[in-house]
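Visitor: My structure is stored as run01.cif, with mmCIF, C-alpha atoms.
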data_protein
loop_
_atom_site.label_atom_id
_atom_site.label_comp_id
_atom_site.auth_asym_id
_atom_site.auth_seq_id
_atom_site.Cartn_x
_atom_site.Cartn_y
_atom_site.Cartn_z
CA MET A 4 -134.42 -113.77 196.29
CA PRO A 5 -134.58 -116.19 193.37
CA SER A 6 -134.24 -114.70 189.90
CA ASP A 7 -137.15 -114.92 187.47
CA ASP A 8 -137.33 -118.70 187.13
CA ARG A 9 -138.86 -118.47 183.67
CA ARG A 10 -135.57 -117.01 182.41
CA LEU A 11 -133.61 -119.83 184.00
CA GLN A 12 -135.68 -122.84 183.02
CA ALA A 13 -134.46 -125.15 180.31
CA ARG A 14 -136.80 -124.97 177.34
CA ARG A 15 -136.57 -128.58 176.34
CA LYS A 16 -136.27 -131.62 178.56
CA PRO A 17 -134.66 -134.37 176.47
CA ARG A 18 -136.71 -137.54 176.03
CA GLN A 19 -134.43 -139.30 173.58
CA VAL A 20 -130.79 -140.30 173.92
CA ARG A 21 -129.75 -138.10 171.01
CA ALA A 22 -131.39 -135.04 172.53
CA GLU A 23 -129.82 -135.74 175.94
CA LEU A 24 -126.39 -136.04 174.31
CA THR A 25 -126.89 -132.70 172.57
CA ARG A 26 -127.89 -131.06 175.84
CA GLU A 27 -124.84 -132.51 177.61
CA ARG A 28 -122.61 -131.33 174.77
CA ILE A 29 -123.94 -127.80 175.18
CA LEU A 30 -123.33 -127.85 178.93
CA THR A 31 -119.80 -129.24 178.51
CA ALA A 32 -119.02 -126.63 175.87
CA ALA A 33 -120.37 -123.87 178.11
CA ALA A 34 -118.15 -124.98 180.98
CA HIS A 35 -115.08 -124.70 178.74
CA VAL A 36 -116.16 -121.37 177.23
CA PHE A 37 -116.90 -119.76 180.60
CA ALA A 38 -113.59 -121.00 182.01
CA GLU A 39 -111.59 -119.77 179.01
CA HIS A 40 -113.31 -116.47 178.23
CA GLY A 41 -115.07 -115.51 181.45
CA TYR A 42 -118.80 -115.13 181.89
CA ALA A 43 -119.25 -111.76 180.19
CA ALA A 44 -117.46 -112.89 177.03
CA GLY A 45 -118.87 -116.41 177.18
CA THR A 46 -121.65 -115.77 174.68
CA THR A 47 -124.20 -118.26 173.48
CA ASN A 48 -122.66 -118.00 170.01
CA ARG A 49 -119.31 -119.15 171.38
CA ILE A 50 -121.00 -121.93 173.30
CA ALA A 51 -122.89 -123.12 170.22
CA GLU A 52 -119.70 -123.03 168.13
CA ARG A 53 -117.78 -125.02 170.76
CA ALA A 54 -120.62 -127.56 171.01
CA ALA A 55 -120.82 -127.85 167.21
CA VAL A 56 -124.53 -127.03 167.17
CA SER A 57 -126.45 -124.19 165.60
CA ILE A 58 -127.44 -121.24 167.76
CA GLY A 59 -131.05 -122.16 167.02
CA SER A 60 -130.48 -125.65 168.40
CA LEU A 61 -128.92 -124.22 171.56
CA TYR A 62 -131.98 -122.01 172.11
CA GLN A 63 -134.20 -125.07 171.84
CA TYR A 64 -132.63 -126.26 175.09
CA PHE A 65 -131.74 -123.05 176.95
CA PRO A 66 -133.21 -119.54 176.60
CA ASN A 67 -129.96 -117.75 177.53
CA LYS A 68 -126.53 -118.23 179.08
CA ASP A 69 -127.92 -117.51 182.57
CA ALA A 70 -130.02 -120.65 182.29
CA ILE A 71 -126.97 -122.61 181.16
CA LEU A 72 -124.88 -121.40 184.09
CA ALA A 73 -127.69 -122.14 186.55
CA GLU A 74 -127.90 -125.68 185.17
CA LEU A 75 -124.12 -126.11 185.45
CA LEU A 76 -124.26 -125.21 189.14
CA VAL A 77 -127.17 -127.56 189.82
CA ARG A 78 -125.28 -130.33 188.02
CA HIS A 79 -122.12 -129.54 190.00
CA ILE A 80 -124.02 -129.98 193.26
CA ASP A 81 -125.88 -133.10 192.12
CA ARG A 82 -122.66 -134.82 191.07
CA GLY A 83 -121.02 -134.49 194.47
CA ARG A 84 -119.91 -137.85 195.87
CA TRP A 85 -119.27 -138.91 199.47
CA THR A 86 -117.43 -141.90 200.86
CA PRO A 87 -119.99 -144.51 202.06
CA ALA A 88 -120.16 -145.02 205.82
CA ASP A 89 -119.23 -148.71 205.49
CA GLN A 90 -115.88 -147.67 203.98
CA LEU A 91 -114.95 -145.43 206.92
CA ASP A 92 -113.10 -146.47 210.06
CA LEU A 93 -115.23 -145.79 213.15
CA SER A 94 -112.97 -147.54 215.67
CA PRO A 95 -111.46 -145.78 218.71
CA GLY A 96 -108.53 -143.55 217.82
CA SER A 97 -109.61 -143.02 214.21
CA LEU A 98 -111.46 -139.71 214.55
CA GLU A 99 -108.83 -137.65 212.76
CA GLU A 100 -108.84 -140.00 209.79
CA LEU A 101 -112.64 -139.89 209.68
CA VAL A 102 -112.55 -136.10 209.57
CA ARG A 103 -109.85 -136.21 206.89
CA ALA A 104 -112.06 -138.42 204.74
CA LEU A 105 -114.93 -135.91 205.08
CA VAL A 106 -112.67 -133.00 204.15
CA ARG A 107 -111.13 -134.83 201.21
CA ASP A 108 -114.57 -135.64 199.85
CA ALA A 109 -115.44 -131.94 199.91
CA ILE A 110 -112.17 -131.01 198.20
CA ASP A 111 -112.58 -133.67 195.53
CA ASN A 112 -116.11 -132.44 194.82
CA HIS A 113 -114.72 -128.97 194.12
CA ARG A 114 -111.82 -129.84 191.85
CA ASP A 115 -113.51 -128.21 188.86
CA ASP A 116 -111.53 -125.65 186.94
CA PRO A 117 -110.96 -122.83 189.48
CA GLN A 118 -112.07 -120.16 187.02
CA LEU A 119 -115.32 -122.00 186.27
CA LEU A 120 -115.95 -122.67 189.95
CA ARG A 121 -115.43 -118.99 190.75
CA ILE A 122 -117.84 -117.99 187.97
CA MET A 123 -120.48 -120.41 189.25
CA ILE A 124 -120.14 -119.06 192.77
CA GLU A 125 -120.10 -115.37 191.83
CA GLN A 126 -122.28 -115.20 188.73
CA ALA A 127 -124.83 -118.01 188.80
CA PRO A 128 -128.38 -116.62 189.16
CA VAL A 129 -130.34 -117.97 192.11
CA SER A 130 -133.24 -120.06 190.82
CA ARG A 131 -135.82 -122.01 192.78
CA GLU A 132 -134.30 -125.23 191.41
CA LEU A 133 -130.88 -124.19 192.70
CA LEU A 134 -132.23 -123.34 196.16
CA ASP A 135 -134.12 -126.64 196.31
CA THR A 136 -131.00 -128.54 195.22
CA ILE A 137 -128.83 -126.86 197.84
CA ASP A 138 -131.43 -127.52 200.55
CA ARG A 139 -131.88 -131.16 199.54
CA HIS A 140 -128.17 -131.94 199.43
CA GLY A 141 -127.47 -129.95 202.58
CA LYS A 142 -130.03 -131.88 204.62
CA MET A 143 -128.80 -135.18 203.23
CA ARG A 144 -125.15 -134.40 204.00
CA VAL A 145 -125.89 -133.12 207.51
CA GLY A 146 -127.81 -136.32 208.18
CA GLN A 147 -124.91 -138.45 206.95
CA VAL A 148 -122.38 -136.60 209.09
CA ARG A 149 -124.62 -136.73 212.16
CA ASN A 150 -124.93 -140.50 211.78
CA LEU A 151 -121.14 -140.85 211.66
CA LEU A 152 -120.70 -138.66 214.74
CA ALA A 153 -123.26 -140.68 216.67
CA ARG A 154 -121.40 -143.90 215.89
CA HIS A 155 -117.83 -142.75 216.58
CA PRO A 156 -116.60 -143.39 220.16
CA ASP A 157 -114.13 -140.48 220.16
CA VAL A 158 -116.72 -137.74 219.57
CA GLY A 159 -117.03 -135.60 222.68
CA VAL A 160 -119.64 -133.02 221.65
CA ARG A 161 -123.13 -133.46 223.04
CA ASP A 162 -125.32 -131.64 220.54
CA LEU A 163 -124.81 -133.80 217.46
CA ASP A 164 -127.42 -131.98 215.36
CA THR A 165 -125.69 -128.64 215.78
CA ALA A 166 -122.25 -130.21 215.40
CA ALA A 167 -123.18 -131.80 212.07
CA GLU A 168 -124.63 -128.50 210.78
CA LEU A 169 -121.52 -126.57 211.80
CA ILE A 170 -119.11 -129.10 210.32
CA VAL A 171 -120.87 -129.29 206.95
CA PHE A 172 -121.16 -125.50 206.71
CA THR A 173 -117.55 -124.88 207.78
CA VAL A 174 -116.02 -127.49 205.48
CA GLU A 175 -118.17 -126.68 202.46
CA THR A 176 -117.87 -122.89 202.71
CA ASN A 177 -114.11 -122.86 203.18
CA THR A 178 -113.57 -125.48 200.48
CA HIS A 179 -115.69 -123.49 198.02
CA ARG A 180 -113.75 -120.31 198.68
CA ALA A 181 -110.28 -121.84 198.66
CA MET A 182 -110.77 -124.08 195.62
CA ALA A 183 -112.23 -121.20 193.61
CA ASP A 184 -109.03 -119.23 194.22
CA PRO A 185 -106.22 -121.71 195.03
CA ARG A 186 -103.73 -118.82 195.30
CA THR A 187 -105.20 -117.92 198.70
CA ILE A 188 -104.35 -121.26 200.33
CA GLY A 189 -102.95 -124.49 198.96
CA THR A 190 -105.06 -127.64 198.88
CA GLU A 191 -102.76 -129.49 201.29
CA ALA A 192 -102.79 -126.64 203.81
CA LEU A 193 -106.57 -126.33 203.47
CA GLU A 194 -107.04 -130.02 204.18
CA ASN A 195 -104.66 -130.13 207.14
CA GLU A 196 -106.04 -127.03 208.86
CA LEU A 197 -109.68 -128.03 208.42
CA VAL A 198 -108.92 -131.53 209.73
CA ALA A 199 -107.09 -130.15 212.79
CA MET A 200 -109.83 -127.62 213.58
CA VAL A 201 -112.78 -130.00 213.19
CA THR A 202 -111.04 -132.87 215.01
CA ARG A 203 -110.28 -130.72 218.06
CA TYR A 204 -113.87 -129.50 218.13
CA LEU A 205 -115.32 -133.00 217.91
CA ARG A 206 -113.07 -134.33 220.65
CA GLY A 207 -114.37 -131.61 222.92
CA ASP A 208 -110.89 -130.18 223.42
CA ARG A 209 -111.02 -127.04 225.54
CA PRO A 210 -108.10 -124.79 226.52
CA ALA A 211 -107.46 -124.15 230.19
CA ARG A 212 -108.38 -120.77 231.69
CA GLY A 213 -106.52 -117.88 230.16
CA GLY A 214 -105.99 -119.85 226.95
CA GLN A 215 -103.03 -121.78 228.34
CA ALA A 216 -102.79 -125.53 228.03
CA ASP A 217 -103.22 -127.49 231.25
CA ALA A 218 -99.71 -128.67 232.16
CA ARG A 219 -100.80 -131.01 234.91
#
Can you present the structure in this file as structure tokens?

Guide:
Amino acid sequence: MPSDDRRLQARRKPRQVRAELTRERILTAAAHVFAEHGYAAGTTNRIAERAAVSIGSLYQYFPNKDAILAELLVRHIDRGRWTPADQLDLSPGSLEELVRALVRDAIDNHRDDPQLLRIMIEQAPVSRELLDTIDRHGKMRVGQVRNLLARHPDVGVRDLDTAAELIVFTVETNTHRAMADPRTIGTEALENELVAMVTRYLRGDRPARGGQADAR
């Protein structure tokens, strides 16, 4: 369930350039403080000192560090970028490269400092704004992937809606986990294994009975 949204709402929405710059400076400072000191020790006093603002000024924008972390996660999601469809190869024989482009986009969108990414995943309180942001971006990304699948001649799955949902969930979840703790699996191995798995699925590859490849 979402946390008490009143605790997580920014107190001041900047209307002037100077105020927006101050808010961004606080968020940037918080990202560094959380990554360097961890969330428990990443106090608002440390954030204010790093941002070169008074603690009173910080509290004009955010009521507590929970609200700052929630905003960092929303901003992380909102800043995700995807390769436009017109820059992707949809010709026969290019399915693996299409999948690789999708996976690389996900990896690039999670190249934040691993410690900060792990803190955002494990510690960020669940606000209504965060849930709405995740839902909005999820629907948009699933729609984009479904459109690509519908246009690629090598795709062999029939249920494109389900396929797009599964691909987005699989790639995003595994990328989140692996990039937050790169010791578990290297980026290159993550990319190659996700590409191989998703490509085989989309081609409709099926093993012969008993799990053995058909040698005929």

Visitor: When distances are computed from all atoms listed in the file, which of A:Val129, A:Val148, A:Leu61, A:Leu75 shows the smallest separation from A:Ala104?

Guide: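 Counting all atoms listed in the file, the residue closest to A:Ala104 is A:Val148.
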
Visitor: Which residue gives the smallest distance to A:Leu134 among A:Ala22, A:Leu193, A:Ala55, A:Ile80, with all atoms listed in the file counted?

Guide: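 That would be A:Ile80, the residue with the smallest distance to A:Leu134.
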
Visitor: For the atom pair atom CA of A:Leu98 and atom CA of A:Thr202, what is the interatomic distance in Å to one decimal place?

Guide: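 According to the coordinates, atom CA of A:Leu98 and atom CA of A:Thr202 are separated by 6.9 Å.
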
Visitor: Hey, can you check how far atom CA of A:Glu168 sits from atom CA of A:Arg144?

Guide: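 That distance, rounded to one decimal, is 9.0 Å.
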
Visitor: With all atoms listed in the file as the atoms that count, which of A:Gly159, A:Gly41, A:Pro95, A:Gly83 lies nearest to A:Asp108?

Guide: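 The closest residue to A:Asp108 is A:Gly83.
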
Visitor: Hey, what's within 8 Å of A:Leu76 if we count only C-alpha atoms and toss same-chain stuff fewer than 5 positions away? As a ChimeraX atom specification, please?

Guide: /A:123,127,133

Visitor: Report as a PDB file with C-alpha atoms, in the coordinates of the input the full result of the PyMOL selection byres ((chain A and resi 27) around 12) when it is applied to this structure.

Guide:
ATOM      1  CA  LYS A  16    -136.270-131.620 178.560  1.00  0.00           C
ATOM      2  CA  PRO A  17    -134.660-134.370 176.470  1.00  0.00           C
ATOM      3  CA  VAL A  20    -130.790-140.300 173.920  1.00  0.00           C
ATOM      4  CA  ARG A  21    -129.750-138.100 171.010  1.00  0.00           C
ATOM      5  CA  ALA A  22    -131.390-135.040 172.530  1.00  0.00           C
ATOM      6  CA  GLU A  23    -129.820-135.740 175.940  1.00  0.00           C
ATOM      7  CA  LEU A  24    -126.390-136.040 174.310  1.00  0.00           C
ATOM      8  CA  THR A  25    -126.890-132.700 172.570  1.00  0.00           C
ATOM      9  CA  ARG A  26    -127.890-131.060 175.840  1.00  0.00           C
ATOM     10  CA  ARG A  28    -122.610-131.330 174.770  1.00  0.00           C
ATOM     11  CA  ILE A  29    -123.940-127.800 175.180  1.00  0.00           C
ATOM     12  CA  LEU A  30    -123.330-127.850 178.930  1.00  0.00           C
ATOM     13  CA  THR A  31    -119.800-129.240 178.510  1.00  0.00           C
ATOM     14  CA  ALA A  32    -119.020-126.630 175.870  1.00  0.00           C
ATOM     15  CA  ALA A  33    -120.370-123.870 178.110  1.00  0.00           C
ATOM     16  CA  ALA A  34    -118.150-124.980 180.980  1.00  0.00           C
ATOM     17  CA  ALA A  54    -120.620-127.560 171.010  1.00  0.00           C
ATOM     18  CA  VAL A  56    -124.530-127.030 167.170  1.00  0.00           C
ATOM     19  CA  LEU A  61    -128.920-124.220 171.560  1.00  0.00           C
ATOM     20  CA  TYR A  64    -132.630-126.260 175.090  1.00  0.00           C
ATOM     21  CA  PHE A  65    -131.740-123.050 176.950  1.00  0.00           C
ATOM     22  CA  ILE A  71    -126.970-122.610 181.160  1.00  0.00           C
ATOM     23  CA  GLU A  74    -127.900-125.680 185.170  1.00  0.00           C
ATOM     24  CA  LEU A  75    -124.120-126.110 185.450  1.00  0.00           C
ATOM     25  CA  ARG A  78    -125.280-130.330 188.020  1.00  0.00           C
TER      26      ARG A  78
END

Visitor: Return as AutoDock Vina command-line options the centre and edge lengths, in Å with one decimal, of the box along x, y and z that encloses every atom of stretch 113-117 of chain A in the file, padded by 8 Å per side.

Guide:
--center_x -112.8 --center_y -126.3 --center_z 190.5 --size_x 19.8 --size_y 23.0 --size_z 23.2

Visitor: Expanded to explicit residues, what is the PyMOL selection byres ((chain A and resi 177-183) around 6) for this file, as number ranges by chain?

Guide: A: 117, 120-121, 174-176, 184-185

Visitor: Those same residues - C-alpha atoms - I'd like them written as a short mmCIF file (atom, residue, chain, number, x, y, z; two decimals), in the frame of the given file.

Guide:
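Contents of again08.cif, as written:
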data_model
loop_
_atom_site.label_atom_id
_atom_site.label_comp_id
_atom_site.auth_asym_id
_atom_site.auth_seq_id
_atom_site.Cartn_x
_atom_site.Cartn_y
_atom_site.Cartn_z
CA PRO A 117 -110.96 -122.83 189.48
CA LEU A 120 -115.95 -122.67 189.95
CA ARG A 121 -115.43 -118.99 190.75
CA VAL A 174 -116.02 -127.49 205.48
CA GLU A 175 -118.17 -126.68 202.46
CA THR A 176 -117.87 -122.89 202.71
CA ASP A 184 -109.03 -119.23 194.22
CA PRO A 185 -106.22 -121.71 195.03
#

Visitor: I'd like the neighbourhood of A:Glu39 as a short mmCIF file (atom, residue, chain, number, x, y, z; two decimals) with C-alpha atoms, in the coordinates of the input, where a residue qualifies if any of its atoms comes within 10 Å (using only C-alpha atoms), though same-chain residues fewer than 6 positions away should be ignored.

Guide:
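Listed below is the output, around_10.cif:
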data_model
loop_
_atom_site.label_atom_id
_atom_site.label_comp_id
_atom_site.auth_asym_id
_atom_site.auth_seq_id
_atom_site.Cartn_x
_atom_site.Cartn_y
_atom_site.Cartn_z
CA ALA A 33 -120.37 -123.87 178.11
CA GLY A 45 -118.87 -116.41 177.18
CA ASP A 116 -111.53 -125.65 186.94
CA GLN A 118 -112.07 -120.16 187.02
CA LEU A 119 -115.32 -122.00 186.27
#

Visitor: Go through A:Ala88, A:Ile188, A:Val77, A:Val201 and flag the residue nearest A:Asp138, using only C-alpha atoms for the distances.

Guide: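 Under the stated criterion, the closest residue is A:Val77.
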
Visitor: For A:Thr86, which residue among A:Gln147, A:Asn67, A:Ser57, A:Thr46 is the nearest when counting only C-alpha atoms?

Guide: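 Result for the nearest residue to A:Thr86: A:Gln147.
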
Visitor: Using Å and a single decimal, report how far atom CA of A:Ala167 sits from atom CA of A:Arg114.

Guide: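 These atoms are spaced 23.3 Å apart.
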
Visitor: List the residues matched by the PyMOL selection byres ((chain A and resi 105) around 10) in the displayed structure as a tab-separated table (two decimals) with C-alpha atoms, keeping the file's coordinate frame, ordered by chain and then by residue number.

Guide:
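Result file out37.tsv:
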chain	number	residue	atom	x	y	z
A	85	TRP	CA	-119.27	-138.91	199.47
A	86	THR	CA	-117.43	-141.90	200.86
A	91	LEU	CA	-114.95	-145.43	206.92
A	99	GLU	CA	-108.83	-137.65	212.76
A	100	GLU	CA	-108.84	-140.00	209.79
A	101	LEU	CA	-112.64	-139.89	209.68
A	102	VAL	CA	-112.55	-136.10	209.57
A	103	ARG	CA	-109.85	-136.21	206.89
A	104	ALA	CA	-112.06	-138.42	204.74
A	106	VAL	CA	-112.67	-133.00	204.15
A	107	ARG	CA	-111.13	-134.83	201.21
A	108	ASP	CA	-114.57	-135.64	199.85
A	109	ALA	CA	-115.44	-131.94	199.91
A	110	ILE	CA	-112.17	-131.01	198.20
A	148	VAL	CA	-122.38	-136.60	209.09
A	170	ILE	CA	-119.11	-129.10	210.32
A	171	VAL	CA	-120.87	-129.29	206.95
A	174	VAL	CA	-116.02	-127.49	205.48
A	194	GLU	CA	-107.04	-130.02	204.18
A	198	VAL	CA	-108.92	-131.53	209.73

Visitor: Of the candidates A:Ala153, A:Leu197, A:Met143, A:Leu205, which shows the shortest atom-to-atom distance to A:Arg84, using only C-alpha atoms?

Guide: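 Among the listed residues, the smallest separation from A:Arg84 belongs to A:Met143.
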